[in-house]
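Source file: query-v9.tsv; contents: TSV, C-alpha atoms.
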chain	number	residue	atom	x	y	z
A	1	MET	CA	0.00	0.00	0.00
A	2	ASN	CA	1.24	3.51	-0.80
A	3	THR	CA	2.65	5.04	2.39
A	4	SER	CA	1.39	8.62	1.96
A	5	SER	CA	-2.18	7.61	1.04
A	6	ASN	CA	-2.03	5.06	3.84
A	7	SER	CA	-1.11	7.72	6.40
A	8	SER	CA	-3.82	10.13	5.27
A	9	LEU	CA	-6.40	7.34	5.53
A	10	LEU	CA	-5.04	6.43	8.96
A	11	LYS	CA	-5.30	9.98	10.27
A	12	GLY	CA	-9.03	9.92	10.88
A	13	SER	CA	-9.19	6.41	12.28
A	14	LEU	CA	-6.05	6.26	14.44
A	15	SER	CA	-7.82	7.05	17.71
A	16	VAL	CA	-10.43	4.36	17.02
A	17	MET	CA	-7.68	1.84	16.29
A	18	ILE	CA	-5.98	2.68	19.59
A	19	LEU	CA	-9.26	2.39	21.49
A	20	ARG	CA	-10.01	-0.97	19.80
A	21	LEU	CA	-6.57	-2.38	20.63
A	22	LEU	CA	-6.89	-1.28	24.24
A	23	GLU	CA	-10.35	-2.79	24.42
A	24	ASP	CA	-8.77	-6.10	23.53
A	25	ARG	CA	-5.79	-5.83	25.86
A	26	GLU	CA	-5.89	-4.55	29.40
A	27	ARG	CA	-2.95	-2.18	28.89
A	28	MET	CA	-0.39	-1.42	26.20
A	29	TYR	CA	2.62	0.86	25.71
A	30	GLY	CA	3.46	2.94	22.64
A	31	TYR	CA	5.95	0.62	20.95
A	32	GLU	CA	3.67	-2.36	21.60
A	33	ILE	CA	0.79	-0.60	19.81
A	34	THR	CA	2.89	0.10	16.71
A	35	GLN	CA	4.08	-3.51	16.59
A	36	LYS	CA	0.58	-4.90	17.10
A	37	VAL	CA	-0.77	-2.88	14.17
A	38	LYS	CA	2.15	-4.01	12.02
A	39	ASP	CA	1.55	-7.67	12.97
A	40	LEU	CA	-2.22	-7.55	12.45
A	41	THR	CA	-1.86	-6.02	8.98
A	42	ALA	CA	1.17	-8.13	8.00
A	43	GLY	CA	3.25	-4.96	7.70
A	44	GLU	CA	0.81	-3.24	5.32
A	45	MET	CA	-0.03	-0.57	7.84
A	46	SER	CA	2.37	1.20	10.16
A	47	ILE	CA	1.75	3.92	12.70
A	48	THR	CA	4.44	6.55	12.95
A	49	GLU	CA	5.55	7.69	16.38
A	50	GLY	CA	4.81	11.28	15.39
A	51	ALA	CA	1.14	10.33	14.94
A	52	LEU	CA	0.82	7.77	17.72
A	53	TYR	CA	1.99	9.75	20.76
A	54	PRO	CA	-0.02	12.93	20.06
A	55	ALA	CA	-3.08	10.69	19.57
A	56	LEU	CA	-2.41	8.88	22.86
A	57	HIS	CA	-1.84	12.17	24.72
A	58	LYS	CA	-5.04	13.61	23.26
A	59	LEU	CA	-7.08	10.56	24.31
A	60	GLU	CA	-5.52	10.83	27.77
A	61	ALA	CA	-6.34	14.56	27.98
A	62	ASP	CA	-9.92	13.76	26.92
A	63	GLY	CA	-10.17	11.37	29.86
A	64	LEU	CA	-10.54	8.23	27.72
A	65	LEU	CA	-7.18	6.75	28.69
A	66	THR	CA	-5.36	6.44	31.96
A	67	THR	CA	-1.65	5.76	32.39
A	68	GLU	CA	0.70	4.01	34.77
A	69	THR	CA	4.47	3.97	34.63
A	70	GLN	CA	6.66	1.03	35.51
A	71	ILE	CA	10.40	0.53	35.37
A	72	VAL	CA	11.10	-2.24	32.84
A	73	ASP	CA	14.64	-3.23	31.78
A	74	GLY	CA	16.07	-0.16	33.52
A	75	ARG	CA	13.81	2.36	31.80
A	76	ALA	CA	10.44	3.93	32.50
A	77	ARG	CA	7.59	2.39	30.50
A	78	LYS	CA	4.26	4.19	30.24
A	79	TYR	CA	1.27	1.86	29.93
A	80	TYR	CA	-2.07	3.10	28.60
A	81	SER	CA	-5.43	1.59	29.48
A	82	LEU	CA	-9.05	2.53	28.92
A	83	THR	CA	-10.98	4.44	31.56
A	84	LYS	CA	-14.65	3.69	32.20
A	85	THR	CA	-15.59	6.54	29.85
A	86	GLY	CA	-13.01	5.21	27.40
A	87	HIS	CA	-14.74	1.81	27.27
A	88	THR	CA	-18.10	3.42	26.49
A	89	GLU	CA	-16.60	5.83	23.97
A	90	ALA	CA	-14.63	3.00	22.31
A	91	ALA	CA	-17.78	0.96	21.69
A	92	GLY	CA	-19.55	3.98	20.18
A	93	ARG	CA	-16.65	5.06	17.97
A	94	ILE	CA	-15.98	1.51	16.73
A	95	ALA	CA	-19.65	1.05	15.78
A	96	GLU	CA	-19.61	4.45	14.05
A	97	LEU	CA	-16.47	3.67	12.04
A	98	SER	CA	-17.70	0.15	11.13
A	99	SER	CA	-20.96	1.57	9.83
A	100	PHE	CA	-19.05	4.22	7.86
A	101	LEU	CA	-16.76	1.56	6.34
A	102	GLU	CA	-19.73	-0.61	5.35
A	103	ASN	CA	-21.33	2.33	3.59
A	104	LEU	CA	-18.05	3.29	1.98
A	105	ASN	CA	-17.64	-0.27	0.76
A	106	LEU	CA	-21.10	-0.16	-0.85
A	107	VAL	CA	-20.11	2.94	-2.77
A	108	LEU	CA	-16.71	1.55	-3.78
A	109	LYS	CA	-18.25	-1.68	-5.03
A	110	LEU	CA	-20.77	0.19	-7.11
A	111	LYS	CA	-21.51	-1.72	-10.29
A	112	PRO	CA	-21.73	0.29	-13.50
A	113	SER	CA	-25.38	1.09	-14.24
A	114	LEU	CA	-26.88	-0.62	-17.22
B	1	MET	CA	18.38	-5.78	27.13
B	2	LEU	CA	20.40	-2.57	26.88
B	3	THR	CA	22.94	-1.58	29.49
B	4	SER	CA	22.53	1.57	31.55
B	5	ASP	CA	25.35	3.22	29.56
B	6	GLN	CA	23.63	2.43	26.28
B	7	LEU	CA	20.33	3.80	27.63
B	8	ALA	CA	22.13	6.95	28.73
B	9	LEU	CA	23.50	7.40	25.19
B	10	LEU	CA	20.03	7.04	23.68
B	11	ARG	CA	18.69	9.51	26.24
B	12	GLN	CA	21.39	12.00	25.28
B	13	ASP	CA	20.33	11.72	21.62
B	14	LEU	CA	16.79	12.69	22.56
B	15	ILE	CA	17.87	15.59	24.75
B	16	ILE	CA	20.69	16.96	22.59
B	17	LEU	CA	19.72	16.10	19.00
B	18	ALA	CA	15.95	16.46	19.32
B	19	SER	CA	15.93	19.11	22.11
B	20	ILE	CA	13.43	17.20	24.23
B	21	LYS	CA	13.07	19.13	27.48
B	22	TYR	CA	10.37	17.31	29.45
B	23	ASP	CA	11.20	14.21	31.48
B	24	GLU	CA	7.81	12.64	30.73
B	25	VAL	CA	8.30	12.93	26.96
B	26	THR	CA	11.93	11.82	27.20
B	27	ALA	CA	10.96	8.75	29.23
B	28	GLU	CA	8.24	7.66	26.81
B	29	LEU	CA	10.39	8.22	23.71
B	30	LEU	CA	13.42	6.58	25.33
B	31	ASP	CA	11.41	3.40	25.86
B	32	HIS	CA	10.32	3.45	22.22
B	33	TYR	CA	13.82	4.28	20.97
B	34	ALA	CA	15.34	1.55	23.15
B	35	SER	CA	12.74	-1.03	22.05
B	36	LEU	CA	13.44	-0.28	18.36
B	37	THR	CA	17.19	-0.49	19.00
B	38	GLU	CA	16.79	-3.84	20.79
B	39	GLN	CA	14.71	-5.12	17.87
B	40	HIS	CA	17.49	-4.28	15.38
B	41	MET	CA	20.15	-5.71	17.69
B	42	ALA	CA	18.15	-8.94	17.84
B	43	ASN	CA	18.53	-9.07	14.03
B	44	GLY	CA	22.30	-9.01	14.40
B	45	LEU	CA	23.20	-5.31	14.21
B	46	SER	CA	25.67	-3.68	16.59
B	47	PHE	CA	24.34	-1.17	19.13
B	48	THR	CA	25.66	1.79	17.10
B	49	ASP	CA	24.06	0.64	13.82
B	50	ALA	CA	20.86	-0.48	15.52
B	51	SER	CA	20.44	2.88	17.26
B	52	LYS	CA	21.02	4.72	13.95
B	53	TRP	CA	18.23	2.73	12.30
B	54	ALA	CA	15.98	3.27	15.28
B	55	TRP	CA	16.69	7.03	15.25
B	56	ALA	CA	15.72	7.23	11.57
B	57	GLU	CA	12.52	5.27	12.24
B	58	LEU	CA	11.67	7.62	15.10
B	59	GLY	CA	11.69	10.60	12.76
B	60	SER	CA	15.25	11.90	13.23
B	61	GLY	CA	14.66	14.94	15.40
B	62	GLU	CA	11.93	16.93	13.65
B	63	GLY	CA	9.26	14.28	14.04
B	64	ILE	CA	10.25	13.83	17.66
B	65	GLN	CA	10.03	17.56	18.41
B	66	GLN	CA	6.47	17.56	17.10
B	67	ILE	CA	5.61	15.00	19.80
B	68	GLN	CA	6.89	17.46	22.41
B	69	THR	CA	4.85	20.32	20.92
B	70	ASP	CA	1.75	18.16	21.01
B	71	PHE	CA	2.54	17.17	24.61
B	72	GLU	CA	2.56	20.86	25.62
B	73	LYS	CA	-0.74	21.38	23.82
B	74	SER	CA	-2.33	18.39	25.55
B	75	ILE	CA	-1.21	19.74	28.96
B	76	SER	CA	-2.80	23.14	28.22
B	77	LYS	CA	-5.97	21.42	26.99
B	78	ARG	CA	-6.20	19.35	30.17
B	79	HIS	CA	-5.71	22.46	32.30
B	80	VAL	CA	-8.54	24.27	30.51
B	81	ALA	CA	-10.74	21.21	31.14
B	82	ILE	CA	-9.85	21.27	34.88
B	83	ILE	CA	-10.62	25.00	35.13
B	84	LYS	CA	-13.95	24.48	33.35
B	85	SER	CA	-14.82	21.71	35.80
B	86	TYR	CA	-14.22	24.18	38.67
B	87	LEU	CA	-16.51	26.80	37.22
B	88	GLY	CA	-19.68	24.94	38.14
B	89	TRP	CA	-22.54	26.23	40.27
B	90	PRO	CA	-20.98	25.17	43.64
B	91	THR	CA	-17.93	27.38	42.98
B	92	ILE	CA	-19.99	30.32	41.75
B	93	ILE	CA	-22.41	30.12	44.71
B	94	THR	CA	-19.60	29.72	47.27
B	95	THR	CA	-17.68	32.66	45.78
B	96	GLY	CA	-20.83	34.76	45.72
B	97	LEU	CA	-21.60	33.90	49.36
B	98	ILE	CA	-18.06	34.74	50.51
B	99	ALA	CA	-18.15	38.05	48.61
B	100	THR	CA	-21.57	38.89	50.13
B	101	LEU	CA	-20.35	37.99	53.61
B	102	VAL	CA	-17.35	40.31	53.19
B	103	TYR	CA	-19.66	43.08	51.95
B	104	VAL	CA	-21.82	42.70	55.05
B	105	ILE	CA	-19.10	42.41	57.71
B	106	THR	CA	-16.74	45.07	56.28
B	107	PRO	CA	-18.52	48.07	57.91
B	108	LEU	CA	-18.69	46.24	61.25
B	109	MET	CA	-14.95	45.59	61.54
B	110	PRO	CA	-12.15	48.02	62.53
B	111	LEU	CA	-10.19	49.29	59.51
B	112	ASN	CA	-6.84	47.79	60.56
B	113	SER	CA	-8.25	44.36	61.35
B	114	MET	CA	-10.06	44.35	58.04
B	115	LYS	CA	-6.91	45.33	56.15
B	116	ILE	CA	-4.87	42.60	57.83
B	117	LEU	CA	-7.58	40.05	57.06
B	118	MET	CA	-7.85	41.12	53.44
B	119	GLU	CA	-4.10	41.22	52.87
B	120	SER	CA	-3.76	37.73	54.37
B	121	PHE	CA	-6.45	36.58	51.99
B	122	TYR	CA	-4.72	38.17	48.99
B	123	LEU	CA	-1.49	36.39	49.93
B	124	THR	CA	-3.09	32.93	50.17
B	125	PRO	CA	-2.69	31.95	46.47
B	126	THR	CA	0.93	33.12	46.54
B	127	LEU	CA	1.65	31.09	49.67
B	128	ILE	CA	0.07	27.99	48.12
B	129	MET	CA	2.14	28.45	44.97
B	130	LEU	CA	5.31	28.86	47.02
B	131	TYR	CA	4.42	25.71	48.98
B	132	VAL	CA	3.92	23.80	45.71
B	133	TYR	CA	7.22	25.13	44.43
B	134	ARG	CA	9.11	24.11	47.56
B	135	THR	CA	7.54	20.67	47.97
B	136	ASN	CA	7.13	19.56	44.35
B	137	LEU	CA	9.16	21.69	42.00
B	138	SER	CA	12.61	22.10	43.50
B	139	ASN	CA	15.04	19.72	41.75
B	140	GLN	CA	12.45	19.06	39.02
B	141	PRO	CA	13.62	21.13	36.03
B	142	ASP	CA	10.80	20.15	33.66
B	143	ARG	CA	8.09	20.88	36.21
B	144	GLN	CA	9.68	24.28	36.79
B	145	LYS	CA	9.46	24.97	33.05
B	146	ILE	CA	5.73	24.28	33.06
B	147	PHE	CA	5.32	26.24	36.32
B	148	TRP	CA	6.98	29.39	34.95
B	149	LEU	CA	5.25	28.98	31.61
B	150	TYR	CA	1.89	29.15	33.35
B	151	LEU	CA	2.92	31.84	35.77
B	152	THR	CA	4.08	34.14	32.99
B	153	LYS	CA	1.19	33.36	30.63
B	154	SER	CA	-2.27	32.67	31.94
B	155	PHE	CA	-1.86	32.83	35.72
B	156	SER	CA	-0.53	36.37	35.70
B	157	VAL	CA	-3.67	38.20	34.51
B	158	GLY	CA	-6.17	37.17	37.17
B	159	TYR	CA	-3.62	36.82	39.91
B	160	TRP	CA	-1.93	40.20	39.57
B	161	LEU	CA	-5.28	41.89	39.17
B	162	SER	CA	-6.38	40.65	42.60
B	163	PHE	CA	-2.93	41.35	44.02
B	164	PHE	CA	-2.78	44.98	42.89
B	165	TRP	CA	-6.41	45.49	43.78
B	166	GLY	CA	-5.66	44.28	47.28
B	167	PHE	CA	-2.45	46.16	48.04
B	168	PHE	CA	-2.12	49.28	45.96
B	169	LEU	CA	-5.72	50.37	46.09
B	170	ASN	CA	-5.76	50.00	49.84
B	171	ASP	CA	-4.30	53.50	50.20
B	172	PHE	CA	-7.28	54.76	48.30
B	173	ASN	CA	-9.51	53.45	51.05
B	174	HIS	CA	-7.73	54.88	54.07
B	175	LYS	CA	-10.78	56.84	55.06
B	176	LYS	CA	-13.21	54.27	56.24
B	177	SER	CA	-15.85	57.01	56.23
B	178	ILE	CA	-16.33	56.14	52.58
B	179	ASP	CA	-17.91	52.88	53.66
B	180	TRP	CA	-19.44	51.91	50.35
B	181	LEU	CA	-16.07	52.26	48.57
B	182	PHE	CA	-14.31	50.19	51.20
B	183	GLN	CA	-17.06	47.58	51.03
B	184	PHE	CA	-16.98	47.52	47.24
B	185	HIS	CA	-13.19	47.29	47.18
B	186	SER	CA	-13.06	44.43	49.70
B	187	THR	CA	-15.86	42.50	48.01
B	188	VAL	CA	-14.28	42.68	44.54
B	189	GLY	CA	-10.86	41.88	46.03
B	190	VAL	CA	-12.19	38.74	47.72
B	191	PHE	CA	-14.01	37.71	44.56
B	192	LEU	CA	-10.83	38.03	42.48
B	193	CYS	CA	-8.90	36.23	45.16
B	194	CYS	CA	-11.32	33.29	45.08
B	195	LEU	CA	-10.77	33.02	41.33
B	196	SER	CA	-6.98	33.10	41.83
B	197	LEU	CA	-7.34	30.43	44.48
B	198	ALA	CA	-9.38	28.22	42.13
B	199	TYR	CA	-6.70	28.71	39.49
B	200	THR	CA	-3.95	27.75	41.96
B	201	ILE	CA	-5.83	24.59	42.94
B	202	SER	CA	-6.33	23.71	39.27
B	203	LEU	CA	-2.56	23.95	38.80
B	204	LEU	CA	-2.06	21.64	41.77
B	205	GLN	CA	-4.38	19.09	40.19
B	206	LEU	CA	-2.59	19.42	36.86
B	207	PHE	CA	0.79	18.77	38.49
B	208	LYS	CA	-0.59	15.81	40.41
B	209	GLU	CA	-2.05	14.24	37.28
B	210	ASN	CA	0.88	14.84	34.95
B	211	PHE	CA	4.12	15.04	36.84
B	212	GLU	CA	4.26	12.15	39.25
B	213	LEU	CA	6.82	10.24	37.24
B	214	LYS	CA	10.17	9.79	38.93
B	215	MET	CA	12.96	9.18	36.45
B	216	PRO	CA	15.49	6.46	37.23
B	217	ASN	CA	19.10	7.62	37.25
B	218	LEU	CA	20.43	6.74	33.81
B	219	SER	CA	23.60	8.82	33.72
B	220	PRO	CA	26.69	6.97	32.53
B	221	ARG	CA	28.98	5.92	35.30
Is it possible to express this structure as structure tokens?
Amino acid sequence: MNTSSNSSLLKGSLSVMILRLLEDRERMYGYEITQKVKDLTAGEMSITEGALYPALHKLEADGLLTTETQIVDGRARKYYSLTKTGHTEAAGRIAELSSFLENLNLVLKLKPSL
Amino acid sequence: MLTSDQLALLRQDLIILASIKYDEVTAELLDHYASLTEQHMANGLSFTDASKWAWAELGSGEGIQQIQTDFEKSISKRHVAIIKSYLGWPTIITTGLIATLVYVITPLMPLNSMKILMESFYLTPTLIMLYVYRTNLSNQPDRQKIFWLYLTKSFSVGYWLSFFWGFFLNDFNHKKSIDWLFQFHSTVGVFLCCLSLAYTISLLQLFKENFELKMPNLSPR
């Protein structure tokens, strides 16, 4: 997939992807999130650090994520997890994006009119 | 796993090459930088080569600085949210009641006692800020940066207004015979002071939420 078009498509859905991943796992740290996305998409999609951390900080400032820091391998590691509001918001945003993608798919698969 | 010397070198890259000035941002990026470096080392690269690849993947400076800019924005956004949460009906009613109480008791109290009381009240936000500075901010360079940033930007307007109102205009009210002026002055002063106090408390909450991280000592031996 083309990287620049990939990143512009990612822009609007990055926060939903983060919320979905954290819904699945109790807590994750930044590097883990980037690797998980890479693994799930077999390397087709990658989140840049410049996009990931601002998105995480914004979700945290909005009260959807909470953080805890632990010392792992001699360095501080910041784990993100969903707050109660985050869980509710995640479900809503995922449903919204899924519905949008279904509709988008209908338009993209439009058969030429006879 | 990287050694403490190797971690210190990566940390220096972030601080010197990317000008990262906040401990919280440095800590988060260091973990990412170190994880990427470890991944490349696991594929057989030396630490030097692995860290070069990792640095390029991280965005080589410019991309990293953007993370810091966004961090500052998110802190400001959170602070605005805290202040908004304080401006509910309980705060407005309490402030109104205190201001009304001052308006009522001002004519009943001797001038000097009233002035001492008011000046103590005006000093309260300053004393709280000094306490915060002494207990939380000394030896914490990045917290101090945020502290001064706020003090010079947003905090100054409301705070200095109440401060000047309280001290410099006091001379204007030497003659207590002008009761209404003295009452008006004290009431507005207390009102402004309550707002400054709310602002000070919001800063306390912001510091508590965002700056509890204690960095491990990673300097090279």
With a cut-off of 9 Å, could you pull out the residues of chain B touching chain A and give me the nearest pair of atoms for each, distance in Å to one decimal, using only C-alpha atoms, ordered by chain and ascending number, as a tab-separated table?
residue	atom	partner	partner_atom	distance
B:Met1	CA	A:Asp73	CA	6.5
B:Leu2	CA	A:Asp73	CA	7.6
B:Thr3	CA	A:Gly74	CA	8.1
B:Ser4	CA	A:Gly74	CA	7.0
B:Leu7	CA	A:Arg75	CA	7.9
B:Ala27	CA	A:Ala76	CA	5.8
B:Glu28	CA	A:Lys78	CA	6.3
B:Leu29	CA	A:Gly30	CA	8.8
B:Leu30	CA	A:Arg75	CA	7.7
B:Asp31	CA	A:Arg77	CA	6.1
B:His32	CA	A:Tyr31	CA	5.4
B:Tyr33	CA	A:Tyr31	CA	8.7
B:Ala34	CA	A:Arg75	CA	8.8
B:Ser35	CA	A:Tyr31	CA	7.1
B:Leu36	CA	A:Tyr31	CA	8.0
B:Glu57	CA	A:Thr48	CA	8.2
B:Leu58	CA	A:Glu49	CA	6.3
B:Gly59	CA	A:Gly50	CA	7.4
B:Gly63	CA	A:Gly50	CA	5.5
B:Ile64	CA	A:Gly50	CA	6.4
B:Gln65	CA	A:Gly50	CA	8.7
B:Gln66	CA	A:Gly50	CA	6.7
B:Ile67	CA	A:Gly50	CA	5.8
B:Gln68	CA	A:Pro54	CA	8.6
B:Thr69	CA	A:Pro54	CA	8.9
B:Asp70	CA	A:Pro54	CA	5.6
B:Phe71	CA	A:His57	CA	6.6
B:Lys73	CA	A:Lys58	CA	8.9
B:Ser74	CA	A:Lys58	CA	6.0
B:Ile75	CA	A:Ala61	CA	7.4
B:Lys77	CA	A:Ala61	CA	6.9
B:Arg78	CA	A:Ala61	CA	5.3
B:Ala81	CA	A:Ala61	CA	8.6
B:Leu213	CA	A:Thr69	CA	7.2
B:Lys214	CA	A:Ala76	CA	8.7
B:Met215	CA	A:Ala76	CA	7.0
B:Pro216	CA	A:Arg75	CA	7.0
B:Leu218	CA	A:Gly74	CA	8.2
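Relative to CA of Leu17 in chain B, CA of Thr48 in chain B is found at 15.6 Å.
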*Between B:Ser196, B:Leu14, B:Met129, B:Ala8, single out the one closest to Tyr86 in chain B, counting only C-alpha atoms.*
B:Ser196
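Counting all atoms listed in the file and comparing A:Glu44, A:Ile33, A:Arg93, A:Lys84, the residue that lies closest to Gly12 in chain A is A:Arg93.
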_Near-Thr100 in chain B list (9 Å; all atoms listed in the file; drop same-chain fewer than 5 positions) as a PyMOL selection string_ = chain B and resi 95+105+187
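Atom to atom, CA of Lys52 in chain B and CA of His40 in chain B stand 9.8 Å apart.
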